[in-house]
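Here's model_15.txt, which has compact mmCIF, C-alpha atoms:
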```
# COMPACT_ATOMS: atom_id res chain seq x y z
CA MET A 1 89.37 151.27 142.30
CA ASP A 2 92.94 150.50 143.36
CA ARG A 3 95.28 151.70 140.61
CA SER A 4 97.58 148.67 140.82
CA PHE A 5 94.57 146.34 140.59
CA SER A 6 93.29 148.29 137.58
CA THR A 7 96.66 147.98 135.87
CA LYS A 8 96.79 144.24 136.53
CA LEU A 9 93.24 143.84 135.22
CA SER A 10 94.10 145.73 132.03
CA LEU A 11 97.17 143.58 131.45
CA CYS A 12 95.15 140.44 132.07
CA MET A 13 92.46 141.53 129.59
CA LEU A 14 95.15 142.38 127.03
CA PHE A 15 96.70 138.94 127.41
CA PHE A 16 93.43 137.07 126.95
CA SER A 17 92.33 139.28 124.06
CA SER A 18 95.56 138.41 122.24
CA TYR A 19 95.45 134.73 123.19
CA PRO A 20 93.55 133.61 120.06
CA LEU A 21 96.24 135.23 117.92
CA LEU A 22 98.97 133.45 119.85
CA ALA A 23 97.10 130.18 119.59
CA LYS A 24 96.99 130.47 115.80
CA THR A 25 100.76 130.59 115.48
CA PRO A 26 101.66 127.63 113.26
CA GLN A 27 103.40 124.77 115.04
CA PRO A 28 105.45 122.70 112.58
CA PRO A 29 104.85 118.96 113.04
CA ALA A 30 107.81 116.81 114.06
CA LEU A 31 108.68 114.87 110.90
CA VAL A 32 111.31 112.46 109.67
CA LEU A 33 113.70 114.37 107.38
CA ALA A 34 115.75 112.91 104.55
CA SER A 35 119.53 113.12 104.25
CA ASP A 36 121.49 113.46 101.02
CA TYR A 37 123.32 110.36 99.87
CA GLN A 38 126.97 110.25 100.95
CA GLN A 39 129.56 108.33 98.96
CA GLY A 40 130.42 104.98 100.50
CA LEU A 41 127.16 104.51 102.39
CA ASP A 42 126.09 100.86 102.43
CA LEU A 43 122.67 100.67 100.75
CA GLN A 44 122.34 96.91 100.54
CA ASP A 45 119.27 96.60 102.79
CA TYR A 46 117.44 99.74 101.65
CA TRP A 47 114.10 99.96 99.83
CA VAL A 48 113.93 102.22 96.76
CA CYS A 49 111.07 104.29 95.31
CA GLU A 50 110.58 107.43 93.23
CA LYS A 51 111.01 110.82 94.91
CA TYR A 52 107.79 112.79 94.53
CA ASP A 53 108.00 116.50 93.78
CA GLY A 54 105.10 117.53 95.98
CA VAL A 55 104.21 119.38 99.17
CA ARG A 56 104.95 117.62 102.46
CA ALA A 57 101.76 117.17 104.45
CA TYR A 58 100.89 115.78 107.88
CA TRP A 59 97.43 114.48 108.74
CA ASP A 60 96.86 114.42 112.50
CA GLY A 61 93.64 112.41 112.28
CA LYS A 62 91.42 115.48 111.91
CA GLN A 63 93.27 118.15 109.92
CA LEU A 64 95.97 118.35 107.27
CA PHE A 65 99.03 120.51 107.98
CA SER A 66 101.97 121.66 105.88
CA ARG A 67 105.55 121.13 107.01
CA ALA A 68 105.50 124.69 108.38
CA GLY A 69 102.37 123.95 110.42
CA HIS A 70 99.78 125.76 108.30
CA VAL A 71 96.35 124.17 107.86
CA ILE A 72 95.69 122.84 104.36
CA ASN A 73 91.99 122.88 103.58
CA LEU A 74 90.69 119.84 101.73
CA PRO A 75 87.35 119.14 100.07
CA SER A 76 85.27 117.14 102.54
CA ALA A 77 85.02 114.30 100.02
CA LEU A 78 88.79 113.86 100.32
CA SER A 79 89.26 114.44 104.06
CA GLU A 80 86.57 111.83 104.70
CA GLN A 81 88.82 109.27 103.03
CA LEU A 82 91.63 109.84 105.52
CA PRO A 83 92.03 107.73 108.68
CA GLU A 84 91.61 108.81 112.29
CA VAL A 85 95.33 108.30 112.95
CA ALA A 86 98.34 110.48 112.14
CA VAL A 87 99.76 110.00 108.64
CA ASP A 88 102.92 111.52 107.14
CA GLY A 89 102.97 112.01 103.39
CA GLU A 90 103.08 114.36 100.45
CA LEU A 91 100.43 116.00 98.30
CA TRP A 92 101.31 115.31 94.67
CA LEU A 93 99.81 116.56 91.41
CA GLY A 94 102.21 114.85 89.04
CA ARG A 95 105.72 115.30 87.69
CA GLY A 96 106.58 118.92 87.03
CA GLN A 97 103.35 120.20 88.59
CA PHE A 98 104.76 121.55 91.86
CA SER A 99 103.96 125.22 91.14
CA ASP A 100 100.36 124.44 90.17
CA LEU A 101 99.94 122.42 93.37
CA VAL A 102 101.32 125.23 95.55
CA SER A 103 98.98 127.70 93.83
CA LEU A 104 95.98 125.45 94.53
CA ILE A 105 96.91 125.04 98.20
CA LYS A 106 97.44 128.77 98.68
CA GLN A 107 94.01 129.51 97.24
CA GLN A 108 92.50 127.46 100.09
CA ASP A 109 89.86 126.50 97.53
CA VAL A 110 87.97 123.34 98.49
CA ASN A 111 86.34 122.94 95.07
CA LEU A 112 86.51 119.18 94.53
CA ASN A 113 86.92 119.53 90.76
CA LYS A 114 90.20 121.40 91.24
CA TRP A 115 91.50 118.68 93.57
CA GLN A 116 90.53 115.70 91.42
CA GLN A 117 94.08 115.07 90.17
CA VAL A 118 95.79 115.58 93.55
CA GLN A 119 96.89 112.51 95.45
CA PHE A 120 98.08 112.12 99.02
CA VAL A 121 101.15 109.90 98.77
CA VAL A 122 101.37 108.47 102.29
CA PHE A 123 104.67 107.01 103.36
CA ASP A 124 104.65 106.77 107.14
CA LEU A 125 102.69 106.47 110.37
CA PRO A 126 104.36 108.67 113.03
CA ASN A 127 102.57 107.15 116.03
CA TYR A 128 102.56 103.52 114.95
CA PRO A 129 105.11 101.37 116.82
CA GLY A 130 107.52 99.07 115.10
CA PRO A 131 110.04 99.30 112.25
CA TYR A 132 109.18 100.82 108.91
CA GLN A 133 108.40 97.50 107.23
CA GLN A 134 105.53 97.02 109.71
CA ARG A 135 104.33 100.62 109.38
CA TYR A 136 104.34 100.26 105.60
CA ARG A 137 102.15 97.16 105.69
CA HIS A 138 99.67 98.99 107.91
CA LEU A 139 99.70 101.95 105.50
CA GLN A 140 98.78 99.62 102.65
CA THR A 141 95.77 98.44 104.64
CA LEU A 142 94.68 102.00 105.52
CA SER A 143 94.96 103.25 101.94
CA SER A 144 93.28 100.29 100.26
CA ALA A 145 89.79 101.79 100.55
CA SER A 146 90.80 105.35 99.55
CA GLU A 147 91.14 106.78 96.05
CA PHE A 148 92.84 109.88 97.46
CA MET A 149 95.57 108.03 99.37
CA ARG A 150 98.31 106.00 97.71
CA VAL A 151 101.45 104.40 99.02
CA PRO A 152 104.80 104.48 97.17
CA VAL A 153 105.89 101.27 95.49
CA TYR A 154 109.25 100.13 96.84
CA ARG A 155 111.77 97.79 95.32
CA ALA A 156 114.73 96.12 96.96
CA TYR A 157 118.07 97.82 96.41
CA PRO A 158 119.21 96.52 92.98
CA GLY A 159 122.91 97.35 93.31
CA ARG A 160 124.68 100.57 92.40
CA PRO A 161 124.82 100.15 88.57
CA LYS A 162 121.09 99.39 88.28
CA LEU A 163 120.28 102.10 90.80
CA GLU A 164 122.06 104.60 88.54
CA GLN A 165 120.07 103.30 85.56
CA GLN A 166 116.85 103.68 87.50
CA LEU A 167 117.81 107.23 88.50
CA ALA A 168 118.62 108.13 84.88
CA LYS A 169 115.27 106.75 83.70
CA ILE A 170 113.26 108.63 86.34
CA SER A 171 115.17 111.87 85.62
CA ALA A 172 114.64 111.52 81.86
CA GLU A 173 110.91 111.14 82.47
CA GLY A 174 110.82 114.37 84.48
CA GLY A 175 111.02 112.83 87.94
CA GLU A 176 112.89 114.28 90.91
CA GLY A 177 115.05 111.27 91.71
CA LEU A 178 114.87 108.37 94.15
CA MET A 179 114.22 107.89 97.84
CA LEU A 180 115.93 105.13 99.82
CA ARG A 181 114.32 103.88 103.02
CA ASP A 182 115.77 101.71 105.77
CA PRO A 183 112.97 99.15 106.39
CA LYS A 184 114.24 98.49 109.92
CA SER A 185 114.17 102.13 111.03
CA MET A 186 111.82 103.54 113.65
CA TYR A 187 109.95 106.83 113.21
CA LEU A 188 112.36 109.40 114.65
CA PRO A 189 111.57 113.07 113.86
CA THR A 190 115.08 114.09 112.85
CA ARG A 191 117.40 114.03 109.83
CA SER A 192 119.19 110.70 109.51
CA ASN A 193 120.15 107.91 107.14
CA ALA A 194 116.81 106.20 107.77
CA LEU A 195 115.60 108.16 104.71
CA ILE A 196 117.97 109.18 101.91
CA LYS A 197 117.57 111.37 98.83
CA TYR A 198 119.37 109.89 95.82
CA LYS A 199 119.54 112.34 92.93
CA SER A 200 121.82 113.37 90.10
CA TYR A 201 122.19 116.75 91.80
CA GLN A 202 121.93 118.37 95.22
CA ASP A 203 119.40 121.05 96.09
CA ALA A 204 119.33 123.73 98.75
CA GLU A 205 117.97 127.15 99.63
CA ALA A 206 119.66 130.53 99.81
CA LYS A 207 118.64 134.12 100.57
CA VAL A 208 118.77 136.81 97.88
CA ILE A 209 121.07 139.58 99.13
CA ALA A 210 121.78 141.56 95.92
CA TYR A 211 121.46 141.64 92.14
CA SER A 212 124.07 141.47 89.42
CA ASP A 213 123.38 143.52 86.26
CA GLY A 214 122.84 141.69 83.01
CA LYS A 215 125.08 142.04 79.98
CA GLY A 216 124.58 141.55 76.26
CA LYS A 217 120.99 140.54 75.51
CA TYR A 218 120.22 140.89 79.21
CA ARG A 219 121.45 144.49 79.45
CA GLY A 220 119.04 146.46 81.61
CA MET A 221 117.78 143.27 83.20
CA LEU A 222 118.90 140.93 85.95
CA GLY A 223 122.10 139.06 85.13
CA ALA A 224 122.30 136.92 88.26
CA LEU A 225 121.03 136.69 91.82
CA VAL A 226 123.62 137.22 94.53
CA VAL A 227 122.68 134.84 97.33
CA GLN A 228 123.90 133.66 100.72
CA ASP A 229 123.28 130.13 102.01
CA GLN A 230 122.88 128.87 105.57
CA GLN A 231 126.65 128.34 105.86
CA GLY A 232 127.27 132.00 105.07
CA ARG A 233 128.66 131.30 101.59
CA GLN A 234 127.91 133.98 99.01
CA PHE A 235 127.70 133.21 95.30
CA LYS A 236 125.76 134.03 92.13
CA ILE A 237 122.92 132.16 90.48
CA GLY A 238 122.41 133.12 86.85
CA SER A 239 121.48 129.87 85.19
CA GLY A 240 117.85 128.80 85.12
CA LEU A 241 116.37 132.32 85.30
CA SER A 242 113.51 133.02 82.88
CA ASP A 243 113.21 136.33 81.02
CA GLN A 244 110.21 137.14 83.23
CA LEU A 245 112.32 136.70 86.37
CA ARG A 246 115.15 138.72 84.88
CA ALA A 247 112.70 141.57 84.33
CA ASP A 248 111.01 141.13 87.72
CA PRO A 249 113.44 139.34 90.05
CA PRO A 250 112.63 137.86 93.49
CA PRO A 251 112.76 140.55 96.22
CA ILE A 252 115.88 141.07 98.30
CA GLY A 253 115.57 138.90 101.39
CA SER A 254 113.47 136.20 99.74
CA LEU A 255 114.49 132.53 99.74
CA VAL A 256 115.15 130.73 96.49
CA GLU A 257 115.69 127.05 95.78
CA TYR A 258 118.60 126.03 93.57
CA ARG A 259 120.33 122.89 92.32
CA TYR A 260 124.04 122.21 92.09
CA ASN A 261 126.52 119.43 91.44
CA GLY A 262 128.92 119.16 94.35
CA LEU A 263 131.27 121.88 95.54
CA THR A 264 134.13 123.73 93.90
CA GLU A 265 137.67 123.70 95.29
CA HIS A 266 136.69 126.89 97.12
CA GLY A 267 133.76 125.16 98.81
CA LYS A 268 130.98 126.86 96.85
CA PRO A 269 128.10 125.13 94.99
CA ARG A 270 129.22 124.01 91.52
CA PHE A 271 126.94 124.85 88.57
CA ALA A 272 124.32 126.50 90.79
CA ARG A 273 121.07 126.97 88.88
CA PHE A 274 117.78 128.57 89.89
CA VAL A 275 114.74 126.32 90.42
CA ARG A 276 112.05 128.50 91.97
CA VAL A 277 111.24 130.99 94.69
CA HIS A 278 110.84 129.09 97.94
CA GLN A 279 107.21 128.56 98.86
CA THR A 280 106.51 128.90 102.59
CA LEU A 281 103.45 126.78 103.28
```

If you convert what's in this file into structure tokens, what do you get?
Amino acid sequence: MDRSFSTKLSLCMLFFSSYPLLAKTPQPPALVLASDYQQGLDLQDYWVCEKYDGVRAYWDGKQLFSRAGHVINLPSALSEQLPEVAVDGELWLGRGQFSDLVSLIKQQDVNLNKWQQVQFVVFDLPNYPGPYQQRYRHLQTLSSASEFMRVPVYRAYPGRPKLEQQLAKISAEGGEGLMLRDPKSMYLPTRSNALIKYKSYQDAEAKVIAYSDGKGKYRGMLGALVVQDQQGRQFKIGSGLSDQLRADPPPIGSLVEYRYNGLTEHGKPRFARFVRVHQTL
């Protein structure tokens, strides 16, 4: 056999033998992303609802995917309640139950009993034409026959003072904050003011690059995480760490989520506090 032909044949076989692996590489769905509220933005025409602390999920009409493009296995009794069209939403277990929800999803356990309390909060139809107010009405129709699906309840923008009262009430009850939606916006898979997060704090992610030793009662344990954010800023996060995390901190290189209240005069997050290790789903 011709050596060059043999080499080409071997390369071809190698390519096709690895093709299934390449095909399984997760492809993140193109989703609308929310922006943080900016002072002075006119909110007069926006709709307001609670911000759900769940896991973003995209139903393509046949399968459910995470924001990162991983398949989320559902009990058949739940997937059968979903429509044959693409739906953008969030799996939600309840206020303060994010970690339990992530654990359930990672188990890939389709035991219906374990999923009984999970709801699919659906808030958009990526492929449906028209402004959001039309897409929302169609969502209400689609979800009316499903116990698994629910749509958020919106209210008209009540004015800044009442919006602050509403935010304080939701926060006191353990909620994440509020979401503001432009009812005239089209579904554009990018970050814009069509969807706005309105919270009493900002949140972000940063990579753990080092540890700071603890002092006093934390001597011999972790004092703070030294992190670097996407802008290259380095700072410490010591607040919000449990004793368990101080004894067994997140690995160097891992991503953590944190909350903060604006920036200092040096441009670093003010009052940065640890929330959780970032879950890649």

- Message: Considering all atoms listed in the file, can you say which of A:Gly130, A:Gly214, A:Gly220, A:Gly159 comes closest to A:Gln44?
- Response: A:Gly159

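Nearest to A:Gly96 of all the residues A:Pro249, A:Tyr52, A:Pro152, A:Tyr258 is A:Tyr52, counting all atoms listed in the file.
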
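One distance worth recording is that between atom CA of A:Gly262 and atom CA of A:Ile209, which is 22.4 Å.
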
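Among A:Arg273, A:Arg233, A:Lys62, A:Lys184, the residue with the shortest atom-to-atom distance to A:Pro129, counting only C-alpha atoms, is A:Lys184.
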
Just want the 12 Å neighbourhood of stretch 143-147 of chain A, counted on all atoms listed in the file, with same-chain residues fewer than 3 positions away dropped. Output as a PDB file with C-alpha atoms, keeping the file's coordinate frame.
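The file below, around18.pdb, is the result:
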```
ATOM      1  CA  ALA A  77      85.020 114.300 100.020  1.00  0.00           C
ATOM      2  CA  LEU A  78      88.790 113.860 100.320  1.00  0.00           C
ATOM      3  CA  SER A  79      89.260 114.440 104.060  1.00  0.00           C
ATOM      4  CA  GLU A  80      86.570 111.830 104.700  1.00  0.00           C
ATOM      5  CA  GLN A  81      88.820 109.270 103.030  1.00  0.00           C
ATOM      6  CA  LEU A  82      91.630 109.840 105.520  1.00  0.00           C
ATOM      7  CA  PRO A  83      92.030 107.730 108.680  1.00  0.00           C
ATOM      8  CA  VAL A  87      99.760 110.000 108.640  1.00  0.00           C
ATOM      9  CA  GLY A  89     102.970 112.010 103.390  1.00  0.00           C
ATOM     10  CA  GLN A 116      90.530 115.700  91.420  1.00  0.00           C
ATOM     11  CA  GLN A 117      94.080 115.070  90.170  1.00  0.00           C
ATOM     12  CA  VAL A 118      95.790 115.580  93.550  1.00  0.00           C
ATOM     13  CA  GLN A 119      96.890 112.510  95.450  1.00  0.00           C
ATOM     14  CA  PHE A 120      98.080 112.120  99.020  1.00  0.00           C
ATOM     15  CA  VAL A 121     101.150 109.900  98.770  1.00  0.00           C
ATOM     16  CA  VAL A 122     101.370 108.470 102.290  1.00  0.00           C
ATOM     17  CA  PHE A 123     104.670 107.010 103.360  1.00  0.00           C
ATOM     18  CA  ASP A 124     104.650 106.770 107.140  1.00  0.00           C
ATOM     19  CA  LEU A 125     102.690 106.470 110.370  1.00  0.00           C
ATOM     20  CA  TYR A 136     104.340 100.260 105.600  1.00  0.00           C
ATOM     21  CA  ARG A 137     102.150  97.160 105.690  1.00  0.00           C
ATOM     22  CA  HIS A 138      99.670  98.990 107.910  1.00  0.00           C
ATOM     23  CA  LEU A 139      99.700 101.950 105.500  1.00  0.00           C
ATOM     24  CA  GLN A 140      98.780  99.620 102.650  1.00  0.00           C
ATOM     25  CA  ARG A 150      98.310 106.000  97.710  1.00  0.00           C
ATOM     26  CA  VAL A 151     101.450 104.400  99.020  1.00  0.00           C
ATOM     27  CA  PRO A 152     104.800 104.480  97.170  1.00  0.00           C
TER      28      PRO A 152
END
```
